[in-house]
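File shown: input31.txt (compact mmCIF, C-alpha atoms).
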# COMPACT_ATOMS: atom_id res chain seq x y z
CA LEU A 1 -44.30 -22.08 5.43
CA ASP A 2 -43.26 -24.93 7.69
CA ALA A 3 -40.85 -22.76 9.71
CA THR A 4 -40.84 -19.75 12.00
CA LEU A 5 -38.96 -16.80 10.60
CA ARG A 6 -36.74 -14.83 12.92
CA SER A 7 -37.44 -11.10 13.06
CA TYR A 8 -34.69 -10.15 10.60
CA GLN A 9 -35.76 -12.99 8.27
CA GLU A 10 -39.33 -11.71 8.32
CA GLU A 11 -37.96 -8.26 7.50
CA GLY A 12 -36.10 -9.80 4.54
CA TYR A 13 -39.25 -11.61 3.38
CA ARG A 14 -41.30 -8.41 3.56
CA TRP A 15 -38.59 -6.56 1.64
CA LEU A 16 -38.73 -9.19 -1.11
CA CYS A 17 -42.52 -8.88 -1.23
CA LEU A 18 -42.27 -5.10 -1.55
CA LEU A 19 -39.80 -5.42 -4.41
CA GLY A 20 -42.13 -7.92 -6.08
CA LYS A 21 -45.12 -5.58 -5.74
CA LEU A 22 -43.11 -2.82 -7.41
CA GLU A 23 -41.55 -5.27 -9.92
CA PHE A 24 -38.05 -4.26 -8.84
CA GLY A 25 -35.13 -6.64 -8.59
CA GLY A 26 -32.77 -6.86 -5.64
CA ILE A 27 -29.76 -8.47 -4.01
CA LEU A 28 -30.29 -10.41 -0.78
CA ALA A 29 -26.75 -10.21 0.57
CA ASP A 30 -27.00 -11.43 4.17
CA ASP A 31 -23.98 -13.15 5.66
CA MET A 32 -23.75 -16.91 5.20
CA GLY A 33 -25.79 -18.71 7.85
CA LEU A 34 -28.48 -16.05 8.29
CA GLY A 35 -31.09 -17.86 6.20
CA LYS A 36 -31.11 -16.34 2.73
CA THR A 37 -32.59 -19.56 1.32
CA LEU A 38 -35.38 -19.68 3.90
CA GLN A 39 -36.32 -16.04 3.28
CA THR A 40 -36.38 -16.71 -0.46
CA ILE A 41 -38.49 -19.85 -0.07
CA ALA A 42 -41.00 -17.81 1.92
CA TYR A 43 -41.10 -15.39 -0.99
CA LEU A 44 -41.49 -18.24 -3.50
CA LEU A 45 -44.54 -19.35 -1.52
CA HIS A 46 -45.89 -15.82 -1.70
CA GLU A 47 -45.44 -15.82 -5.46
CA ALA A 48 -47.04 -19.26 -5.79
CA HIS A 49 -50.08 -17.93 -3.93
CA ASN A 50 -50.24 -15.03 -6.38
CA ARG A 51 -50.01 -17.55 -9.20
CA THR A 52 -53.08 -19.41 -7.93
CA GLN A 53 -54.89 -16.07 -7.96
CA GLY A 54 -53.97 -15.68 -11.64
CA ARG A 55 -51.59 -12.79 -11.02
CA ALA A 56 -48.18 -14.36 -11.58
CA GLY A 57 -46.25 -17.02 -13.48
CA ALA A 58 -43.73 -19.62 -12.43
CA SER A 59 -40.34 -19.11 -10.76
CA LEU A 60 -36.89 -20.25 -11.90
CA VAL A 61 -34.03 -20.87 -9.46
CA VAL A 62 -30.51 -20.93 -10.94
CA CYS A 63 -27.75 -22.25 -8.69
CA PRO A 64 -24.44 -24.15 -8.74
CA ALA A 65 -24.81 -27.85 -9.55
CA SER A 66 -23.74 -28.75 -6.00
CA LEU A 67 -26.81 -26.98 -4.58
CA VAL A 68 -29.57 -28.32 -6.84
CA TYR A 69 -30.71 -31.13 -4.58
CA ASN A 70 -30.14 -29.03 -1.49
CA TRP A 71 -32.71 -26.64 -2.94
CA MET A 72 -35.13 -29.52 -3.54
CA ALA A 73 -34.65 -30.77 0.02
CA GLU A 74 -35.16 -27.29 1.49
CA LEU A 75 -38.33 -26.77 -0.56
CA GLU A 76 -39.72 -30.12 0.57
CA ARG A 77 -38.83 -29.34 4.18
CA PHE A 78 -40.01 -25.75 4.46
CA ALA A 79 -42.65 -25.45 1.72
CA PRO A 80 -44.15 -28.90 1.07
CA GLY A 81 -47.12 -27.28 -0.64
CA LEU A 82 -44.97 -25.95 -3.49
CA THR A 83 -44.60 -27.95 -6.68
CA ALA A 84 -40.98 -28.12 -7.87
CA SER A 85 -38.84 -29.87 -10.46
CA VAL A 86 -35.21 -30.03 -11.56
CA TYR A 87 -34.20 -29.06 -15.10
CA HIS A 88 -30.76 -30.63 -15.36
CA GLY A 89 -29.07 -33.72 -16.74
CA SER A 90 -29.12 -35.46 -20.10
CA ALA A 91 -32.83 -36.35 -19.90
CA ARG A 92 -34.01 -32.87 -18.90
CA GLN A 93 -37.35 -31.69 -20.19
CA LEU A 94 -39.11 -28.39 -19.58
CA ALA A 95 -42.82 -28.66 -18.93
CA PRO A 96 -45.17 -26.53 -21.05
CA VAL A 97 -46.11 -23.21 -19.47
CA GLU A 98 -49.57 -24.37 -18.46
CA GLU A 99 -48.14 -27.48 -16.73
CA ARG A 100 -45.05 -25.89 -15.21
CA PRO A 101 -44.51 -26.35 -11.45
CA ASP A 102 -44.30 -23.40 -9.09
CA VAL A 103 -40.50 -23.63 -9.00
CA THR A 104 -38.06 -25.00 -11.57
CA ILE A 105 -34.45 -25.47 -10.44
CA THR A 106 -31.52 -25.49 -12.85
CA THR A 107 -27.75 -24.99 -12.80
CA TYR A 108 -25.69 -22.14 -14.21
CA GLY A 109 -24.12 -24.51 -16.72
CA THR A 110 -27.45 -25.85 -17.95
CA PHE A 111 -28.89 -22.34 -18.01
CA LYS A 112 -26.06 -21.13 -20.24
CA ARG A 113 -26.55 -24.02 -22.68
CA ASP A 114 -30.35 -23.86 -22.72
CA ALA A 115 -31.04 -20.14 -22.28
CA ALA A 116 -33.08 -20.08 -25.50
CA VAL A 117 -35.22 -23.03 -24.39
CA LEU A 118 -35.77 -21.68 -20.90
CA GLY A 119 -36.36 -18.18 -22.20
CA ALA A 120 -38.97 -19.07 -24.80
CA GLU A 121 -41.58 -17.72 -22.36
CA THR A 122 -41.32 -14.97 -19.76
CA TRP A 123 -40.93 -16.10 -16.15
CA ARG A 124 -42.44 -14.22 -13.22
CA LEU A 125 -39.35 -14.56 -11.06
CA MET A 126 -35.74 -15.67 -11.50
CA VAL A 127 -33.65 -16.35 -8.39
CA LEU A 128 -29.85 -16.45 -8.74
CA ASP A 129 -28.27 -18.34 -5.84
CA GLU A 130 -24.54 -17.84 -5.21
CA ALA A 131 -24.91 -14.92 -7.59
CA GLN A 132 -21.20 -14.14 -7.55
CA ALA A 133 -21.23 -16.62 -10.46
CA VAL A 134 -22.42 -13.74 -12.66
CA LYS A 135 -20.16 -10.98 -11.32
CA ASN A 136 -17.88 -11.08 -14.40
CA THR A 137 -19.42 -8.51 -16.74
CA GLY A 138 -17.97 -10.06 -19.91
CA SER A 139 -18.73 -13.75 -19.31
CA GLY A 140 -21.20 -15.75 -21.37
CA ILE A 141 -23.30 -16.78 -18.37
CA THR A 142 -23.59 -13.17 -17.19
CA GLN A 143 -24.81 -12.06 -20.61
CA ALA A 144 -27.27 -14.95 -20.80
CA VAL A 145 -28.72 -14.07 -17.41
CA ARG A 146 -28.85 -10.35 -18.24
CA ASP A 147 -30.84 -11.01 -21.44
CA PHE A 148 -33.23 -13.52 -19.87
CA PRO A 149 -36.98 -12.72 -19.91
CA ALA A 150 -38.01 -12.56 -16.24
CA ARG A 151 -40.22 -9.86 -14.76
CA GLN A 152 -38.21 -9.85 -11.54
CA VAL A 153 -34.71 -11.04 -10.64
CA ILE A 154 -33.50 -11.68 -7.11
CA ALA A 155 -29.79 -12.37 -6.55
CA MET A 156 -28.58 -14.16 -3.42
CA SER A 157 -24.98 -13.70 -2.39
CA GLY A 158 -23.20 -13.44 0.94
CA THR A 159 -20.22 -11.93 -0.92
CA PRO A 160 -21.68 -9.50 -3.51
CA VAL A 161 -18.23 -7.91 -3.91
CA GLU A 162 -15.03 -9.92 -3.58
CA ASN A 163 -12.43 -7.91 -5.49
CA ARG A 164 -13.66 -4.69 -7.08
CA LEU A 165 -16.68 -2.41 -7.14
CA MET A 166 -17.49 -3.29 -10.76
CA GLU A 167 -18.90 -6.55 -9.40
CA TYR A 168 -21.74 -4.50 -7.88
CA TRP A 169 -22.43 -3.01 -11.31
CA SER A 170 -22.59 -6.49 -12.84
CA LEU A 171 -25.12 -7.77 -10.29
CA LEU A 172 -27.26 -4.63 -10.28
CA SER A 173 -27.28 -4.47 -14.09
CA ILE A 174 -29.01 -7.86 -13.94
CA VAL A 175 -31.47 -7.29 -11.10
CA GLN A 176 -32.27 -3.62 -11.81
CA PRO A 177 -30.94 -2.69 -15.27
CA GLY A 178 -29.83 0.91 -15.77
CA ILE A 179 -29.83 1.94 -12.10
CA LEU A 180 -26.04 2.52 -12.15
CA GLY A 181 -25.76 3.67 -15.77
CA THR A 182 -23.34 2.15 -18.27
CA GLN A 183 -20.04 0.55 -17.26
CA ASP A 184 -18.17 3.69 -18.31
CA GLU A 185 -20.54 5.94 -16.37
CA PHE A 186 -20.21 3.75 -13.29
CA MET A 187 -16.42 3.77 -13.50
CA LYS A 188 -16.38 7.55 -13.81
CA SER A 189 -19.00 8.33 -11.14
CA PHE A 190 -18.37 5.63 -8.55
CA ALA A 191 -15.67 3.00 -9.07
CA LYS A 192 -12.69 5.27 -9.70
CA PRO A 193 -13.60 7.97 -7.11
CA ILE A 194 -14.28 5.34 -4.43
CA GLU A 195 -11.54 2.79 -5.11
CA THR A 196 -8.74 5.12 -6.24
CA ASP A 197 -9.52 8.49 -4.67
CA ARG A 198 -11.33 7.30 -1.51
CA ASN A 199 -13.97 9.95 -2.21
CA GLU A 200 -16.48 9.93 0.67
CA ARG A 201 -19.12 11.92 -1.26
CA ALA A 202 -19.04 9.38 -4.09
CA LEU A 203 -19.30 6.55 -1.56
CA GLU A 204 -22.31 8.12 0.13
CA ALA A 205 -23.98 8.72 -3.25
CA PHE A 206 -23.37 5.08 -4.15
CA ARG A 207 -24.96 3.95 -0.89
CA LEU A 208 -28.03 6.11 -1.46
CA VAL A 209 -28.53 4.81 -5.01
CA THR A 210 -28.09 1.13 -4.18
CA ALA A 211 -29.70 0.94 -0.72
CA PRO A 212 -33.28 0.26 -1.93
CA PHE A 213 -32.11 -2.68 -4.02
CA MET A 214 -29.78 -4.50 -1.63
CA LEU A 215 -30.37 -5.92 1.83
CA ARG A 216 -27.29 -6.98 3.76
CA ARG A 217 -27.15 -8.03 7.42
CA LEU A 218 -24.02 -9.28 9.19
CA LYS A 219 -23.78 -11.95 11.89
CA THR A 220 -22.39 -9.24 14.17

Please lay out the structure from this file as C-alpha cells.
Amino acid sequence: LDATLRSYQEEGYRWLCLLGKLEFGGILADDMGLGKTLQTIAYLLHEAHNRTQGRAGASLVVCPASLVYNWMAELERFAPGLTASVYHGSARQLAPVEERPDVTITTYGTFKRDAAVLGAETWRLMVLDEAQAVKNTGSGITQAVRDFPARQVIAMSGTPVENRLMEYWSLLSIVQPGILGTQDEFMKSFAKPIETDRNERALEAFRLVTAPFMLRRLKT
C-alpha cells in the first residue's frame, strides 16, 4: 500500500480483514472524507495477496458511473501492484476467470444490464460504493445485487440511512442476508417500535444486532 493509514483507518482495514476471515459482509459507513476508499483499497490488496496464495478469487467494485475512473486513479495511486480493469461501455468484455485482474470495476447501470454475464462465476468479494444506490428494497438493481454470487459483500456509504430505517434492512439483507429477518419481521421488531413508538429497548436491540456488521465513525 503506497500510503500510511491513520489509526482509525487501520482499525477499519483490520475490521474488513476480520469480516473476510469469517466470510461476513459489512457496511463501512464512515463520514465522507474519512477515507473509506483508501481503507477498502487496503483490503483489496489483502485479498489480492490471498489470491496469489490460491485462497481467494477476484474482486468486483460496483459504483456510480461518475466514480469509475476515480477508482482507477486511486488504485493506481495507492496500490500500483494491483491489476485492475473497467467493465463498462459499448466495447466491454469480461476476461475469463483464469485471466481476470485482481479488481474489476463496473457501474450500477452496467451491473443491472449484465448481472447474468458478471454472475456466471462466483466472485470472492463484491464492493458496493455509494451503496445508498441499493437502499430501495423493490428496485431492480437492489434485487440484482442481492442475488449476485459473491462470497463476501462490503457496502460503502457515508449515509446508510437517509429517510427511514428500512434502508438499513435493504443494505444488511445484501451484505449479511437474514440477519434482520424478513421485511415484515423487521418492521414489527424494529422499524415500527423505533420510528413510531420511540422504543428505547427496540433501539438498543437493533444496535446490538447490527454493530458487528457496520462500522461508522464521524468527523467529530

Practice task
May I have the protein, DNA and RNA residues with an atom at most 12 Å from (-21.4, -16.2, 8.3), counting all atoms listed in the file in the file's coordinates, returned as number ranges by chain?
Solution key: A: 29-36, 157-159, 216-220

Just-selected residues, C-alpha atoms written as a PDB file, keeping the file's coordinate frame:
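New file selection.pdb:
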ATOM      1  CA  ALA A  29     -26.750 -10.210   0.570  1.00  0.00           C
ATOM      2  CA  ASP A  30     -27.000 -11.430   4.170  1.00  0.00           C
ATOM      3  CA  ASP A  31     -23.980 -13.150   5.660  1.00  0.00           C
ATOM      4  CA  MET A  32     -23.750 -16.910   5.200  1.00  0.00           C
ATOM      5  CA  GLY A  33     -25.790 -18.710   7.850  1.00  0.00           C
ATOM      6  CA  LEU A  34     -28.480 -16.050   8.290  1.00  0.00           C
ATOM      7  CA  GLY A  35     -31.090 -17.860   6.200  1.00  0.00           C
ATOM      8  CA  LYS A  36     -31.110 -16.340   2.730  1.00  0.00           C
ATOM      9  CA  SER A 157     -24.980 -13.700  -2.390  1.00  0.00           C
ATOM     10  CA  GLY A 158     -23.200 -13.440   0.940  1.00  0.00           C
ATOM     11  CA  THR A 159     -20.220 -11.930  -0.920  1.00  0.00           C
ATOM     12  CA  ARG A 216     -27.290  -6.980   3.760  1.00  0.00           C
ATOM     13  CA  ARG A 217     -27.150  -8.030   7.420  1.00  0.00           C
ATOM     14  CA  LEU A 218     -24.020  -9.280   9.190  1.00  0.00           C
ATOM     15  CA  LYS A 219     -23.780 -11.950  11.890  1.00  0.00           C
ATOM     16  CA  THR A 220     -22.390  -9.240  14.170  1.00  0.00           C
TER      17      THR A 220
END

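For the residues A:Ala91, A:Ile179, A:Ala120, A:Ala48, ranking by smallest atom-to-atom distance to Thr210 of chain A using only C-alpha atoms places A:Ile179 first.
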
Mind listing as a PDB file with C-alpha atoms, in the coordinates of the input all residues within 10 Å of (-31.7, -25.4, -4.1), counting all atoms listed in the file?
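The result, stored in part33.pdb:
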ATOM      1  CA  THR A  37     -32.590 -19.560   1.320  1.00  0.00           C
ATOM      2  CA  ILE A  41     -38.490 -19.850  -0.070  1.00  0.00           C
ATOM      3  CA  VAL A  61     -34.030 -20.870  -9.460  1.00  0.00           C
ATOM      4  CA  VAL A  62     -30.510 -20.930 -10.940  1.00  0.00           C
ATOM      5  CA  CYS A  63     -27.750 -22.250  -8.690  1.00  0.00           C
ATOM      6  CA  PRO A  64     -24.440 -24.150  -8.740  1.00  0.00           C
ATOM      7  CA  ALA A  65     -24.810 -27.850  -9.550  1.00  0.00           C
ATOM      8  CA  SER A  66     -23.740 -28.750  -6.000  1.00  0.00           C
ATOM      9  CA  LEU A  67     -26.810 -26.980  -4.580  1.00  0.00           C
ATOM     10  CA  VAL A  68     -29.570 -28.320  -6.840  1.00  0.00           C
ATOM     11  CA  TYR A  69     -30.710 -31.130  -4.580  1.00  0.00           C
ATOM     12  CA  ASN A  70     -30.140 -29.030  -1.490  1.00  0.00           C
ATOM     13  CA  TRP A  71     -32.710 -26.640  -2.940  1.00  0.00           C
ATOM     14  CA  MET A  72     -35.130 -29.520  -3.540  1.00  0.00           C
ATOM     15  CA  ALA A  73     -34.650 -30.770   0.020  1.00  0.00           C
ATOM     16  CA  GLU A  74     -35.160 -27.290   1.490  1.00  0.00           C
ATOM     17  CA  LEU A  75     -38.330 -26.770  -0.560  1.00  0.00           C
ATOM     18  CA  VAL A  86     -35.210 -30.030 -11.560  1.00  0.00           C
ATOM     19  CA  THR A 104     -38.060 -25.000 -11.570  1.00  0.00           C
ATOM     20  CA  ILE A 105     -34.450 -25.470 -10.440  1.00  0.00           C
ATOM     21  CA  THR A 106     -31.520 -25.490 -12.850  1.00  0.00           C
ATOM     22  CA  THR A 107     -27.750 -24.990 -12.800  1.00  0.00           C
ATOM     23  CA  ASP A 129     -28.270 -18.340  -5.840  1.00  0.00           C
TER      24      ASP A 129
END

Can you sort out the box for segment 21-24 of chain A, edges along x, y and z, all listed atoms in, 5 Å on every side, with centre and edge lengths in Å to one decimal, as AutoDock Vina command-line options?
--center_x -41.6 --center_y -4.2 --center_z -7.8 --size_x 17.1 --size_y 12.8 --size_z 14.2

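Residues within 10 Å of Tyr43 of chain A, counting all atoms listed in the file and excluding same-chain residues fewer than 5 positions away, are Leu1, Gly12, Tyr13, Arg14, Trp15, Leu16, Cys17, Gly20, Thr37, Leu38, Ala48 and His49 of chain A.
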
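Take atom CA of Leu19 of chain A and atom CA of Phe213 of chain A: the distance between them is 8.2 Å.
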
Rows by chain and residue number, segment 64-114 of chain A within 9 Å of segment 139-150 of chain A, shortest pair, only C-alpha atoms, as JSON lines:
{"residue": "A:Tyr108", "atom": "CA", "partner": "A:Ile141", "partner_atom": "CA", "distance": 7.2}
{"residue": "A:Gly109", "atom": "CA", "partner": "A:Ile141", "partner_atom": "CA", "distance": 7.9}
{"residue": "A:Phe111", "atom": "CA", "partner": "A:Ile141", "partner_atom": "CA", "distance": 7.9}
{"residue": "A:Lys112", "atom": "CA", "partner": "A:Ile141", "partner_atom": "CA", "distance": 5.5}

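Separating atom CA of Thr122 of chain A from atom CA of Arg151 of chain A is a distance of 7.2 Å.
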